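Participant: Before anything else, here's the structure in question.
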Amino acid sequence: MADISERIRTLRKKEHLTQTEFGKLFNIEKTTVSSYERNQSIPHDSIKIAICKRFNVTMDYLVGLSDTPQPAFFIPRLTPHETKVITAYRDQPDMQPAVDRILGVTMDGYVTVYAAANSESNHKHTITRIPQDKWNEIENEPNTDEDLM
């Protein structure tokens, strides 16, 4: 496995940064970056943490304990648009089942179905939860003219 000096050099070059540009990211001099890459000195823990955050790698990867840059549960950073979508989704709980349905998202093996209220009901609509396998059967049944009457 690579050591920290090799990992710093690899991360820097992967982003096409010079040692000077890399140093500016972490408020360190080019000569300091050079000493890291030649294994003449080791970054302070605060610099290591900053490098991990900036390049989205684990500390284990940076220091050479792992060849995997991100953990198995790694979640990539969200784009500004993705953040807005998630916020809107959270702010509209009544819309979540419809969005889930459009996207084909099921979390617990059930599909939530909204039905229009009938005249005897005081509710605007009813909610039914159908197991996903049963819903798939219903969706795959051929439509007949009798279904429309």
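Convention: chains lettered A, B, ... in structure tokens order; per-chain residue numbering from 1; ligands numbered from 1 as shown.
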Tell me which protein, DNA and RNA residues are within 8 Å of region 93-110 of chain A, counting only C-alpha atoms, leaving out same-chain ones fewer than 2 positions away, and put them as a list in words.
Facilitator: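 In the requested form, the answer reads Tyr89, Arg90, Asp91, Thr112, Val113, Arg129, Ile130, Pro131, Gln132 and Asp133 of chain A.
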Participant: Got a sec: who's within 10 Å of Ile4 (chain A), counting only C-alpha atoms, leaving out chain neighbours fewer than 6 positions off, as number ranges by chain?
Facilitator: A: 10, 36-39, 42-43, 48, 59-65
Participant: Tell me which of A:Ser46, A:Gln40, A:Thr87, A:Ser35 sits closest to Gln19 (chain A), counting only C-alpha atoms.
Facilitator: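 Closest to Gln19 (chain A) of all the choices is A:Ser35.
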Participant: Rounded to one decimal place, report the CA of Pro76 (chain A)-CA of Lys13 (chain A) distance in Å.
Facilitator: 20.9 Å
Participant: Which is closer to Cys52 (chain A) than all the others in A:Leu11, A:Leu17, A:Ile138, A:Met1, using only C-alpha atoms?
Facilitator: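 The closest residue to Cys52 (chain A) is A:Leu11.
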